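To start, the structure itself, in C-alpha cells.
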Amino acid sequence: MCVESIPPPSSRLTRRGVLAGAAALAGTTAVLTSTAPQANAAAREGRRPSGGDLVIEGGTLLDPATGEVTEDAVVVIVNGVVRSAGRRGRTEVPEGAEVLDAHGRWILPGLVEAHIHLNTAAEARDAVLLGATSARSGSTNFYQDIAVRELAREAPKQAPRLRAAGIFVTPDLGDTILADPELTPLARLRDGVRSPEALRRVVEVNLARGADVIKTRVNERAGLPEQDPLAQVYDREQLSAVVAAARRGGKGVLCHSYSEKGCHDAVMAGIRSLEHGAFVGEHTLHEMRRRGTYFTPTLTAIAGLAESSDPVLAERGRQYLPVLKRAVLAAHEMGVPLAAGTDSSGGKIKPIGREVELMHAAGLSALDAIRTATTGAAKLLGLERTVGRLARDFAGDVILVDGDPLSDVTALKKPVRVVRSGFAL
C-alpha cells in the first residue's frame, strides 16, 4: 500500500482537521473538496445533504426478512429514504418523479459488507458499484476508514455507509505507529503492544479518533506465507483488556482468528464478532450461540488463497476452505448469526455477492445466504432498522440483478444497477 509522505494529524486537532488529514491519506481530499459548497450549505441549515428521489418500477422485489417475493413491484424513494414498496397499484407514485425501469429484473436492498478494508476513495466507490452500499471496516493503517465514513455521509454516491474500525490493535503496529502522535510512546516497548496499558492506549486513541468498532487479532495472518495462522499472539486476558476498553467507549470488538483455541479465547473474552475462524470448533460455536457472537467467515478471502501463485498460500487455501465451509454450515445449523464479508484489501475490491455464493455453497439455502449480506449483517452493524430491507423508512439503497437470486445466487455478483441513497449510479 502506498501512502503519501504526509504527517498524520494530531488527535488534539478539531474534528474537521482530523477528517481532512485522514482524507488526504485516503486520497479523498479531491472528492471532499468538490462537495464542500453543498456540505457547508447543509451544515449552515443544520442538516446533512439530502438523498435523491427515485421511483423503481416493474421488477420483482425480494424482502430478505420475510422471503416474500412481489412481482411488478414499485419502490418509492424520497430524500434518500424508502417511502413505500409493494405491488403496482397499491403503491402511490409521486407525479413527475424520476423513474428507473426494472422490468425483467429483481429488486433487492443494497448489500451489507461486514469485513472490508477501504483505504482510498476509488476503493470505496468500487465497493458501492459492486453492490455493497453499507459496510464495516476491518481496519486501515492511518484512519482512512474514518474519512471514508464521512465521505459517505457528505457524498453518498462515492462510498458505502460505513462503520469504521480505525487502526488494528496488534502486537506490532509497524508504520501505523505514525497514525497518531499519541501512539508514538508505544515505540519504546520492547515486546510491542501486549501489556494491558498498551492495549488500552491503542483502543483509546481509536475511540478518540471516532472509531465505531475496534479490530484486534488472536492469531497470525493466513495471507502471509511466512506467518503461521494457528500461532496465537494474544491470550484471553489480553483480549479481555481490549474488549473492556472498547466497552467503556460503548463499542464492540471484531477479532481476526483461525485456531480453535484462539477462537475460544476470543469468544470467552467477549468479542462481538469472530472473523475468519477456519478451525472454530463445536464447543466454541455453542458458546457463540449462547452469547449472540457473530461469525464473519470471509470465505471469499480463503478461497482467494487457493488461487494464489504462492505455493504456500495456495496449499493453505485448499486446506482451509473446506474446513471453513463445514464450520459455516455447523454455525448456521446451531443458530450462530452469520454475516457476509469479503476481507477485500490492497485495492482489489471483490463483490460481496461472491461471499453470498460461497455461503450457499457451504450449505445455506439461497435465502439464508442472502440474509447474511442483508438483514444478518445489518444487525451486526447496528443498522437493522436502516438497511437490509426495502420497507418504509429504510435507506433508499437498492441493487437490480438479472435473474432470480433465489434460484441462482451468482446473480448478486454482478448488479446491473445500484442505487445509493436514492441516487441511481
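Residue numbers start at 1 in each chain; chains themselves are named A, B, ... in the order of the C-alpha cells; ligands are numbered from 1 in the order shown.
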
Find the residues around A:Val69 up to 12 Å (only C-alpha atoms counted), leave out those fewer than 6 positions away in its own chain, and share them as a list in words.
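So, after excluding close chain neighbours, the residues are Gly59, Thr60, Leu61, Leu62, Asp63, Ala85, Gly86, Arg87, Trp106, Ile107, Leu108, Leu367, Leu390, Asp404, Pro405 and Leu406 of chain A.
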
Within 10 Å of stretch 368-381 of chain A: each stretch 75-156 of chain A residue with its shortest pair, only C-alpha atoms, as a tab-separated table:
```
residue	atom	partner	partner_atom	distance
A:Leu108	CA	A:Thr374	CA	9.2
A:Pro109	CA	A:Thr374	CA	7.3
A:Gly110	CA	A:Thr374	CA	7.6
A:Leu111	CA	A:Ala373	CA	5.5
A:Val112	CA	A:Ala373	CA	5.0
A:Glu113	CA	A:Ala373	CA	6.5
A:Ala114	CA	A:Ala377	CA	6.1
A:His115	CA	A:Ala377	CA	9.8
A:Ala132	CA	A:Ala373	CA	8.9
A:Ser134	CA	A:Ala378	CA	8.3
A:Ala135	CA	A:Leu381	CA	8.0
A:Arg136	CA	A:Leu381	CA	6.9
```

Create the file for the chosen residues now, containing all heavy atoms and written as a short mmCIF file (atom, residue, chain, number, x, y, z; two decimals), in the first residue's frame.
```cif
data_model
loop_
_atom_site.label_atom_id
_atom_site.label_comp_id
_atom_site.auth_asym_id
_atom_site.auth_seq_id
_atom_site.Cartn_x
_atom_site.Cartn_y
_atom_site.Cartn_z
N LEU A 108 -33.50 -5.81 -5.02
CA LEU A 108 -33.10 -6.19 -3.66
C LEU A 108 -32.54 -4.98 -2.94
O LEU A 108 -32.09 -4.02 -3.58
CB LEU A 108 -32.02 -7.28 -3.68
CG LEU A 108 -32.43 -8.69 -4.07
CD1 LEU A 108 -32.34 -8.87 -5.59
CD2 LEU A 108 -31.56 -9.72 -3.39
N PRO A 109 -32.54 -5.01 -1.61
CA PRO A 109 -31.85 -3.93 -0.88
C PRO A 109 -30.36 -3.97 -1.17
O PRO A 109 -29.80 -5.02 -1.48
CB PRO A 109 -32.14 -4.26 0.59
CG PRO A 109 -32.40 -5.74 0.60
CD PRO A 109 -33.08 -6.04 -0.71
N GLY A 110 -29.70 -2.82 -1.09
CA GLY A 110 -28.25 -2.79 -1.21
C GLY A 110 -27.64 -3.75 -0.21
O GLY A 110 -28.15 -3.94 0.90
N LEU A 111 -26.55 -4.38 -0.60
CA LEU A 111 -25.95 -5.41 0.24
C LEU A 111 -25.06 -4.80 1.32
O LEU A 111 -24.60 -3.67 1.20
CB LEU A 111 -25.16 -6.39 -0.63
CG LEU A 111 -25.98 -7.08 -1.73
CD1 LEU A 111 -25.09 -8.04 -2.51
CD2 LEU A 111 -27.18 -7.81 -1.14
N VAL A 112 -24.83 -5.58 2.37
CA VAL A 112 -24.04 -5.14 3.52
C VAL A 112 -22.77 -5.98 3.59
O VAL A 112 -22.83 -7.20 3.71
CB VAL A 112 -24.85 -5.28 4.83
CG1 VAL A 112 -24.04 -4.73 6.00
CG2 VAL A 112 -26.19 -4.55 4.71
N GLU A 113 -21.64 -5.32 3.52
CA GLU A 113 -20.31 -5.96 3.54
C GLU A 113 -19.73 -5.80 4.95
O GLU A 113 -19.42 -4.69 5.38
CB GLU A 113 -19.44 -5.28 2.49
CG GLU A 113 -17.95 -5.38 2.64
CD GLU A 113 -17.38 -6.75 2.33
OE1 GLU A 113 -17.02 -7.00 1.17
OE2 GLU A 113 -17.28 -7.53 3.29
N ALA A 114 -19.61 -6.91 5.68
CA ALA A 114 -19.26 -6.83 7.11
C ALA A 114 -17.77 -6.87 7.40
O ALA A 114 -17.38 -6.78 8.56
CB ALA A 114 -19.96 -7.95 7.88
N HIS A 115 -16.92 -7.02 6.37
CA HIS A 115 -15.47 -7.02 6.62
C HIS A 115 -14.77 -6.60 5.33
O HIS A 115 -14.60 -7.40 4.41
CB HIS A 115 -15.00 -8.40 7.06
CG HIS A 115 -13.58 -8.43 7.55
ND1 HIS A 115 -13.22 -9.02 8.74
CD2 HIS A 115 -12.43 -7.95 7.03
CE1 HIS A 115 -11.90 -8.90 8.92
NE2 HIS A 115 -11.41 -8.26 7.87
N ALA A 132 -22.18 -3.20 -2.54
CA ALA A 132 -22.05 -3.01 -1.08
C ALA A 132 -22.36 -1.56 -0.73
O ALA A 132 -21.47 -0.70 -0.76
CB ALA A 132 -20.66 -3.39 -0.61
N SER A 134 -23.58 -0.60 2.19
CA SER A 134 -23.23 -0.42 3.61
C SER A 134 -22.10 -1.38 3.93
O SER A 134 -21.99 -2.44 3.31
CB SER A 134 -24.42 -0.71 4.53
OG SER A 134 -25.49 0.17 4.27
N ALA A 135 -21.26 -1.00 4.91
CA ALA A 135 -20.09 -1.85 5.18
C ALA A 135 -19.55 -1.60 6.58
O ALA A 135 -19.85 -0.58 7.22
CB ALA A 135 -19.00 -1.59 4.15
N ARG A 136 -18.73 -2.55 7.02
CA ARG A 136 -17.95 -2.39 8.25
C ARG A 136 -16.48 -2.55 7.90
O ARG A 136 -16.08 -3.52 7.25
CB ARG A 136 -18.37 -3.43 9.29
CG ARG A 136 -17.63 -3.30 10.63
CD ARG A 136 -18.00 -4.41 11.59
NE ARG A 136 -17.63 -5.73 11.07
CZ ARG A 136 -17.58 -6.84 11.81
NH1 ARG A 136 -17.89 -6.79 13.10
NH2 ARG A 136 -17.24 -7.99 11.27
#
```

List the spatial neighbours of A:Ser137 as a list of chain:residue names - criterion: any atom at most 8 Å away, only C-alpha atoms, same-chain residues fewer than 6 positions off excluded.
A:Ala114, A:His115, A:Ile116, A:His117, A:Leu118, A:Asp145, A:Leu162, A:Arg163, A:Ala164, A:Ala165, A:Gly166

Residues near stretch 171-176 of chain A, cut-off 6 Å, only C-alpha atoms, skip fewer than 2 positions along chain, as a PyMOL selection string
chain A and resi 141+178-179+192-194

Could you pull the residues within 10 Å of A:Met359, counting only C-alpha atoms, minus those fewer than 6 positions along the same chain, as a compact mmCIF listing (two decimals) with C-alpha atoms, in the first residue's frame?
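Okay, out-v1.txt is ready:
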```
# COMPACT_ATOMS: atom_id res chain seq x y z
CA PRO A 297 -16.07 -16.28 7.93
CA THR A 298 -14.74 -14.28 4.94
CA LEU A 299 -14.95 -17.35 2.68
CA THR A 300 -14.03 -15.16 -0.28
CA LYS A 325 -17.31 -24.27 4.84
CA VAL A 328 -20.14 -22.15 8.45
CA LEU A 329 -22.79 -24.81 7.97
CA HIS A 332 -25.84 -21.89 10.76
CA LEU A 338 -23.63 -15.13 10.27
CA ALA A 339 -22.50 -12.02 8.41
CA ALA A 340 -21.01 -11.80 4.92
CA GLY A 353 -22.18 -11.32 -3.94
CA SER A 365 -30.31 -22.02 1.38
CA ALA A 366 -30.22 -19.21 -1.17
CA ASP A 368 -30.40 -17.65 4.16
CA ALA A 369 -27.21 -16.90 2.22
CA ILE A 370 -28.73 -13.62 1.00
CA THR A 372 -26.00 -12.92 5.62
CA ALA A 373 -25.42 -9.89 3.36
CA VAL A 409 -27.32 -16.50 -6.13
```
